[in-house]
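Take a look at the structure below.
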Amino acid sequence: MTDSSKNDAPKRPARTAPLWRRVAALFYDMLFVIAVVILATFIALVFTGGEPVPPEGPIQWLFRLYLLAWIAAYFVFFWCRFGQTPGMKVWRLLLIRERSGACLGPMLARFGFGVLSLATLGLLFFITLRDPQRRSWIDDRQAMRVVQLLPDG
C-alpha cells in the first residue's frame, strides 16, 4: 500500500476541518459501510451454505468480529491509500499524517478510537472543540490532522 496521506501540506488551500463536516462525512461513509457489511455477509453466506449465523453463542461473536474487520479494512484502506474516505472526499476533508512511517498501525488505532467514540455516543469527538487545532485525542497522539480543502481561487 502506498502512503499518499503523509504529505506535509495539502496541494490546495486548507483549514482545520470543523467537527460538523467530520460528522457529515461519517454519515456519508455509513452508506458505504452498509454496502461493505452486505458484501461481507453475502460472502459469509456462501461459506455457510446459505444458512444464517446463529443469533447467540460464540459463532455470533466471531461473525461480529468478522464484520468489524471488514469495516476497519474499508476505513484503513482509504485513509492509508488516499488520505480520505469517499465521505471525506465529498465533504473536501483530508487526513494528513505529520509523521512518516508505517500507516497500518496508526490507522488501526484511529479506527479503534472511532469505534470507542461512537460507543460513547460521540462524547470523545467533542474533545476536538476544546483543542485549538481541532484535533481529536488520537490525532494528537498519532500526529495527524484533518483539514478542509478550500476551493481553488
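By order of appearance in the C-alpha cells: chains A, B, ..., then residues from 1 within every chain, and ligands from 1 in the order shown.
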
In stretch 9-110 of chain A, DSSP helix (DSSP H, G or I) residues written as an MDAnalysis selection string: chainID A and resid 19:47 58:82 86:90 104:110

Nearby residues (only C-alpha atoms) at most 12 Å from A:Gly112, same-chain spacing under 3 positions excluded, as a VMD selection string: chain A and resid 68 to 69 71 to 73 75 to 76 105 to 109 115 to 119 138

Backbone DSSP call of strand (DSSP E) for chain A, listed as an MDAnalysis selection string: chainID A and resid 14:16 93:97 144:149

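Atom CA of A:Pro132 is found 18.2 Å from atom CA of A:Leu94.
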
Selection: 12 Å around A:Lys89, only C-alpha atoms, excl. self and same-chain fewer than 4 positions, as a PDB file with C-alpha atoms, in the first residue's frame:
```pdb
ATOM      1  CA  ARG A  21     -18.071  18.452   8.499  1.00  0.00           C
ATOM      2  CA  ARG A  22     -16.376  15.419  10.018  1.00  0.00           C
ATOM      3  CA  ALA A  24     -21.346  14.775   7.900  1.00  0.00           C
ATOM      4  CA  ALA A  25     -18.567  12.790   6.188  1.00  0.00           C
ATOM      5  CA  LEU A  26     -19.044   9.967   8.693  1.00  0.00           C
ATOM      6  CA  TYR A  28     -21.988   9.673   4.203  1.00  0.00           C
ATOM      7  CA  ASP A  29     -19.447   6.908   4.805  1.00  0.00           C
ATOM      8  CA  PHE A  78      -8.888   4.662   2.202  1.00  0.00           C
ATOM      9  CA  TRP A  79      -7.006   6.542   4.921  1.00  0.00           C
ATOM     10  CA  PHE A  82      -5.762   8.298  -0.342  1.00  0.00           C
ATOM     11  CA  GLY A  83      -5.825  10.162   2.967  1.00  0.00           C
ATOM     12  CA  GLN A  84      -9.612  10.328   2.757  1.00  0.00           C
ATOM     13  CA  THR A  85     -12.630   8.072   2.583  1.00  0.00           C
ATOM     14  CA  LEU A  93     -11.729  16.651   4.035  1.00  0.00           C
ATOM     15  CA  LEU A  94      -8.202  15.261   4.031  1.00  0.00           C
ATOM     16  CA  LEU A  95      -6.337  13.342   6.720  1.00  0.00           C
ATOM     17  CA  VAL A 146      -7.986  16.597   9.400  1.00  0.00           C
ATOM     18  CA  VAL A 147      -8.210  19.612   7.139  1.00  0.00           C
ATOM     19  CA  GLN A 148     -10.948  21.004   4.948  1.00  0.00           C
ATOM     20  CA  LEU A 149      -9.715  21.632   1.421  1.00  0.00           C
TER      21      LEU A 149
END
```
